[in-house]
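Working notes, beginning with the structure itself.
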Amino acid sequence: MKHTIRQVFRSGKFLLGFIIFLALLLITIFYPLIIKDAPLAIIGRGTFFPPGIYVNVYDSIGSPQYTLMLDDAAANRIASKLSNDDRLAMRDWLVADGIPENQIDINNTKALLDQWENNYDPKKQVEGMTLAKQRYYLRLNTSLQGLLSTEGAIIAANNPQSGALEESDSVAQTDYVNIKEVPNVRVLPLGTDNFGRDVLTELVSALATSLKIGFVAGTVATLIGLVLGLLAGYVGGLMDDIIMFFTNLFTVIPGFVLLILISFSIGQEHRGAFTIAVVIGFTSWVWTTRAVRAQVISLRNRDHVNLSKLSGHSVVHIIVADILPYIASYVVMAFILQISFGILAEAGLSILGLGPKTTEVPTLGLMMKWAMIYQAQILGKWWAYLPVVVTIALITFSMNLMNTGLDQVFNPELRD
Amino acid sequence: MKGYRRYFLNKALWFVVTLVCAFILNFILPRLMPGDPVAAIVTRMAVGMSNATGVQAIYQQYTELFGTNRPMLQQFFIYVNNVFHGDFGFSFSQYPREVADVIKSAIWWTICLQFPAIIVGWLIGNTLGALAAYLKKGFDKVLMPVSILVSNFPAFGMAVILMVVFGVTLKWFPASGGYGFDRIPDFSWQFIWSVIVHYQLPFWSIVLVAIGGQAIGMRSMAIYELNADYVKYSRFMGIKDRKIIGYVFRNAMLPQVTGLALSIGTMVAGALVAEIIFSYPGLGYTMLTAVMGGDYPLISATTLIITLMVLIAMFLLDIIYGFIDPRIKATQLD
C-alpha cells in the first residue's frame with residue numbers, strides 16, 4: 001500500500017492534478033476562516049460593480065488630509081473624465097482647423113489639451129459642420145475648462161435650524177487621504193454579481209458546494225456501480241442478465257435527459273444541493289457497473305479466489321479480501337471521474353434552470369446561470385462568468401490529470 | 001449477408017426495447033414523485049400563466065387528453081397513443097401554441113447544428129489523434145496538453161469564451177440567435193446568409209469540445225495498435241510503412257466509432273447547453289423556456305424527442321459499425 005502511494009505520487013501528471021485540486025480545496029477551507037462574510041449577502045445596490053477597492057467617500061472626507069504636490073494629478077484627472085469619443089471629436093476639430101493628423105496623439109492627454117487650448121476658437125466656422133456639432137464642441141470646451149480649474153470642492157452641511165446649506169469644509173485638488181486611515185474600505189477583488197453579491201466570496205462558497213455535490217454524486221454513483229458490478233460479475237447467472245439489461249438500457253438512454261426529468265419532477269421547492277447531488281449520482285453509475293463487472297469476471301476464476309472458496313470463506317469475505325483489492329485502483333479512478341462529472345452535470349442543470357434553489361447556497365452552475373441570464377458576457381462583465389468557467393475547468397482538469405496519472409501507474413502499457 | 005441479418009435484427013430489437021423503456025421512463029418519472037401530480041402540474045401551470053381562461057382551457061384539455069383521472073396503465077396507453085399521433089397537447093407557457101408545433105420549429109435547428117458539429121469534431125479529433133500517435137515528438141507534445149485542456153472545458157464554458165472573443169470583442173460573428181432579429185424566415189439570400197453567419201459560433205464551440213476528447217482517445221488507441229504484434233510482424237516481413245499505417249488506423253478507428261455511439265448522449269447534452277448560451281432557437285433553448293415557464297408538456301415532449309434522436313443516432317452508428325467491421329459478421333456466424 002505504502003509502495004503504491006509512493007509510486008502514484010511519483011507520477012508527474014497525478015502530482016500536478018493533485019496539487020491543483022488540493023489548492024482549490026484548501027482555499028475553500030481557509031478563505032471562510034479569514035473572511036467571514038456571508039456568501040449570499042447582497043451588499044451592492046445595482047448590478048455588476050467592477051473589481052477594485054471601494055473607499056467610502058463620506059469617510060474619506062472626514063479622514064486626515066495630506067497635501068501632496070504631484071505634477072500629473074491634473075492630467076490624470078482629466079484623462080479619466082475624457083472619454084474616447086471626446087478625444088476623437090477633439091482630433092476631428094483640430095484636423096479641420098488645419099493641424100496635421102500625425103501631430104495629434106489622442107492618447108497623450110496633456111499634449112492634446114495643450115493643442116486644444118491653443119487652437120480652439122468657439123467663433124470659428126468649420127465648413128460642413130452642423131449646428132448640433134458646434135454646440136457639442138462648445139459644451140466640451142466649457143466642461144474642459146471646468147476640469148482645468150484649480151479650485152477645490154466645497155463641502156456643505158444642511159443646518160437643521162435654518163434649513164440653509166452652510167460650508168463646513170473644503171477639499172483642495174491636492175488633498176489626499178491615506179487609505180489605511182479611512183474606516184470603511186471594501187476590497188472586491190472580483191466585483192459584484194447581478195444581485196450585488198461579492199463575487200469572490202460567493203465563488204469560494206460555490207466551489208465548496210460544488211465540490212460537495214461532486215463528492216456526494218461520485219460516492220452514490222460509485223457505490224451503486226460497485227455493488228451492481230460485483231453482483232453481476234461475481235454472482236452471475238440471472239442476476240447478471242437482469243443487471244446487464246438495466247445497465248445497457250441506461251447506457252443508451254441519455255443520463256442528462258433523465259436528470260432533467262427527475263429534477264423537474266422534484267420541483268423547485270424541494271431541490272436542495274444535496275438532492276441534486278444524489279439525483280446526479282443515481283443517473284451516472286452505468287460506466288462503473290460495466291467496468292467493475294468486466295474486471296470481476298476476469299478475477300472470478302483466478303486461483304486465489306478458488307482457493308478462498310475451497311477454504312469455505314463466505315461470499316462477503318471473498319469479495320472484500322480477494323476481489324476488492326484488485327479492482328480498488330480502478331474504482332478510485334472511476335470515483336475521481338464521477339466527481340468531475342457530477343460538478344459538470346450540476347452546472348449544466350443549473351444553466352437550464354433545474355439546479356438547486358438560488359436562495360440557499362451558491363453553486364458554480366447557479367453563478368453561471370445568473371451571469372448568463374443577466375447577459376454578463378455581452379455586457380463585458382467578465383468577472384461574473386470568467387472566474388466560474390476557469391474554476392470549473394480547473395477542477396475537471398485536475399481530476400482528469402489525476403485520473404490519467406493513476407491510469408499510467410496501474411496500466412504500464414499506457415506509459416509514454 | 002446472412003451473418004449481418006442476425007446482427008441487424010438484434011440491434012433493431014434492442015432499439016425497440018430501449019425505445020419502449022424510454023417511453024415508460026418519460027411517462028412514469030414525473031408521476032413517481034410524492035403528492036398528486038395533477039395538482040402539482042396545475043399549480044405550477046397557474047404560476048406560469050396570467051391568462052385565467054387559458055389556465056381553464058388547458059386544465060380541461062389536459063385532463064381529457066392525458067386522462068389523468070383514469071388508472072395508471074390506461075393513462076400510459078393514452079399517452080403512447082397521443083405520442084404516436086404527434087399530439088403532445090398545448091404548451092403551458094406558449095399557449096395557444098401546441099407542443100408539437102413548438103418542437104417542429106425547433107428541432108431542425110438542433111439537428112442541423114449538432115449532428116454536423118459532432119461529426120466534424122469526431123473527424124478532426126481522430127485525424128489529430130492519429131497524427132499525434134504517428135508523428136510523436138513536438139506535435140504530440142503540443143497537441144496532447146491542449147487536447148486535455150480543451151476536452152476538460154465544459155461545453156458552456158467554451159461557448160461563452162468563443163462568444164466573448166469572436167462575438168463581442170472582435171465582432172466577427174453575431175453573438176446570439178439563429179438569424180438576425182430584423183429578418184423573417186424565408187428563402188431569400190439575405191436570410192440564408194444570416195443563418196450561416198449565426199451558425200458559426202455555436203457550431204465551432206461544439207466542434208472544439210468534441211475534438212479534444214476524440215483526439216485523446218484516438219491517440220491512445222493508435223499507440224496501442226502501433227505496438228501490437230501484427231505491426232512488428234509486418235515490419236519484419238518488409239511491408240511498406242504506408243500500408244502498415246493503413247491497417248493500424250483502420251483498427252484504431254473501429255473502437256472510436258463505438259466510442260462515438262456511446263458518448264453521443266453526453267455530447268448532445270453539452271450541445272444543448274451551448275445552444276442556451278447562444279440563444280440558438282433549437283431544442284436546448286426551447287427546454288430553457290419550458291423550464292422557466294413550468295411548462296410540463298413541453299419538457300416531457302422535448303426530452304422524449306432528444307432521447308429519440310440519440311437512440312436513432314446510436315442505432316445508425318451500430319449499423320454502420322456492422323458494415324465496416326468484418327469481425328462482427330464473423331462472431332454472428334458462429
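A note on labels: chains of the C-alpha cells are A, B, ... as shown, every chain counts residues from 1, and ligands are counted from 1 in their shown order.
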
(message) Only residues of chain A matter here; which ones have an atom within 6 Å of chain B, counting only C-alpha atoms? Give them as a VMD selection string.
(response) chain A and resid 254 257 265 352 389 393 396 to 397

(message) Based on the backbone DSSP call, show me all residues of region 21-265 of chain A assigned helix (DSSP H, G or I), as a VMD selection string.
(response) chain A and resid 21 to 34 57 to 62 73 to 81 84 to 96 101 to 103 109 to 119 131 to 148 179 to 181 199 to 235 237 to 252 255 to 265

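Among the candidates A:Thr222, A:Asn301, A:Gln7, A:Thr109, the residue lying nearest to Asp407 (chain A) is A:Gln7 (atoms considered: only C-alpha atoms).
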
(message) Just to confirm, what's the straight-line distance from CA of Gly52 (chain A) to CA of Val187 (chain A) in Å (one decimal)?
(response)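 Here the two named atoms are 6.2 Å from each other.
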
When you look at Asn126 (chain B) with a cut-off of 6 Å (counting only C-alpha atoms), what residues show up, excluding the ones that are within fewer than 5 positions of it in the same chain? I need them as an mmCIF file with C-alpha atoms, in the first residue's frame.
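Dumped everything to out.cif:
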data_model
loop_
_atom_site.group_PDB
_atom_site.id
_atom_site.type_symbol
_atom_site.label_atom_id
_atom_site.label_comp_id
_atom_site.auth_asym_id
_atom_site.auth_seq_id
_atom_site.Cartn_x
_atom_site.Cartn_y
_atom_site.Cartn_z
ATOM 1 C CA GLN B 214 -11.716 12.252 -29.594
ATOM 2 C CA ALA B 215 -8.070 13.171 -30.163
ATOM 3 C CA MET B 218 -7.632 8.085 -30.889
#

Neighbouring residues of Ile339 (chain A) were defined as those with any atom within 8 Å, considering only C-alpha atoms; residues of the same chain fewer than 5 positions away were excluded. Please report them as an mmCIF file with C-alpha atoms, in the first residue's frame.
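Output saved as part16.cif:
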data_model
loop_
_atom_site.group_PDB
_atom_site.id
_atom_site.type_symbol
_atom_site.label_atom_id
_atom_site.label_comp_id
_atom_site.auth_asym_id
_atom_site.auth_seq_id
_atom_site.Cartn_x
_atom_site.Cartn_y
_atom_site.Cartn_z
ATOM 1 C CA LEU A 211 -17.136 20.020 -4.629
ATOM 2 C CA GLY A 214 -19.445 16.256 -6.897
ATOM 3 C CA PHE A 215 -18.324 14.227 -3.906
ATOM 4 C CA VAL A 216 -21.836 13.090 -2.970
ATOM 5 C CA ALA A 217 -22.750 12.353 -6.581
ATOM 6 C CA GLY A 218 -19.486 10.475 -7.077
#

(message) I want to know what sits within 10 Å of region 80-84 of chain B, based on only C-alpha atoms, with residues of the same chain fewer than 3 positions away left out; could you give that as a list in words?
(response)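 Surrounding residues, per the criterion: Val20, Phe23, Ile24, Phe27, Leu65, Phe66, Gln74, Gln75, Phe76, Phe77, Asp87, Phe88, Gly89, Ala100, Ala301 and Leu304 of chain B.
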
Could you turn the residues from that selection into a file that holds C-alpha atoms, as a PDB file, in the first residue's frame?
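Result saved to again-v4.pdb:
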ATOM      1  CA  VAL B  20     -40.257   1.389 -25.073  1.00  0.00           C
ATOM      2  CA  PHE B  23     -41.313   5.950 -23.213  1.00  0.00           C
ATOM      3  CA  ILE B  24     -42.071   4.344 -19.878  1.00  0.00           C
ATOM      4  CA  PHE B  27     -44.114   8.807 -18.638  1.00  0.00           C
ATOM      5  CA  LEU B  65     -56.007  14.425 -23.271  1.00  0.00           C
ATOM      6  CA  PHE B  66     -53.999  12.577 -20.677  1.00  0.00           C
ATOM      7  CA  GLN B  74     -54.712   3.235 -19.075  1.00  0.00           C
ATOM      8  CA  GLN B  75     -53.070   6.619 -18.836  1.00  0.00           C
ATOM      9  CA  PHE B  76     -49.926   5.123 -20.272  1.00  0.00           C
ATOM     10  CA  PHE B  77     -51.667   3.779 -23.331  1.00  0.00           C
ATOM     11  CA  ASP B  87     -50.250  15.071 -30.122  1.00  0.00           C
ATOM     12  CA  PHE B  88     -48.466  16.423 -27.068  1.00  0.00           C
ATOM     13  CA  GLY B  89     -51.201  18.841 -26.043  1.00  0.00           C
ATOM     14  CA  ALA B 100     -45.874  19.629 -31.456  1.00  0.00           C
ATOM     15  CA  ALA B 301     -42.014  16.184 -25.258  1.00  0.00           C
ATOM     16  CA  LEU B 304     -38.641  12.415 -25.458  1.00  0.00           C
TER      17      LEU B 304
END

Selection near region 106-108 of chain A, 8 Å with only C-alpha atoms, sequence-local residues under 5 positions removed, as a PDB file with N, CA and C atoms, in the first residue's frame:
ATOM      1  N   ARG A  87     -12.200  62.454 -27.211  1.00  0.00           N
ATOM      2  CA  ARG A  87     -10.851  62.623 -27.763  1.00  0.00           C
ATOM      3  C   ARG A  87     -10.885  62.602 -29.293  1.00  0.00           C
ATOM      4  N   LEU A  88     -11.665  61.645 -29.819  1.00  0.00           N
ATOM      5  CA  LEU A  88     -11.758  61.544 -31.273  1.00  0.00           C
ATOM      6  C   LEU A  88     -12.367  62.813 -31.849  1.00  0.00           C
ATOM      7  N   ARG A  91      -9.875  65.558 -31.901  1.00  0.00           N
ATOM      8  CA  ARG A  91      -8.937  65.394 -33.008  1.00  0.00           C
ATOM      9  C   ARG A  91      -9.571  65.867 -34.317  1.00  0.00           C
TER      10      ARG A  91
END

(message) I need the residue nearest Pro64 (chain A) from this list: A:Thr28, A:Val182, A:Leu131, A:Asp37. Use only C-alpha atoms for the distance.
(response)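 Answer, going by the shortest atom-to-atom distance: A:Val182.
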
(message) Can you pull out the residues contacting Met1 (chain A)? Cut-off 12 Å, using only C-alpha atoms, and skip same-chain residues under 3 positions away; I want them as a PyMOL selection string.
(response) chain A and resi 4-8+325+328-329

Selected residues written out, C-alpha atoms, as an mmCIF file, in the first residue's frame:
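Writing done, so here's again27.cif:
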data_model
loop_
_atom_site.group_PDB
_atom_site.id
_atom_site.type_symbol
_atom_site.label_atom_id
_atom_site.label_comp_id
_atom_site.auth_asym_id
_atom_site.auth_seq_id
_atom_site.Cartn_x
_atom_site.Cartn_y
_atom_site.Cartn_z
ATOM 1 C CA THR A 4 1.717 2.055 -4.300
ATOM 2 C CA ILE A 5 1.096 5.500 -2.880
ATOM 3 C CA ARG A 6 4.730 6.448 -3.288
ATOM 4 C CA GLN A 7 4.598 5.276 -6.875
ATOM 5 C CA VAL A 8 1.435 7.227 -7.532
ATOM 6 C CA PRO A 325 -8.098 -5.146 -3.610
ATOM 7 C CA ALA A 328 -9.554 -0.836 -5.914
ATOM 8 C CA SER A 329 -7.303 1.178 -8.201
#
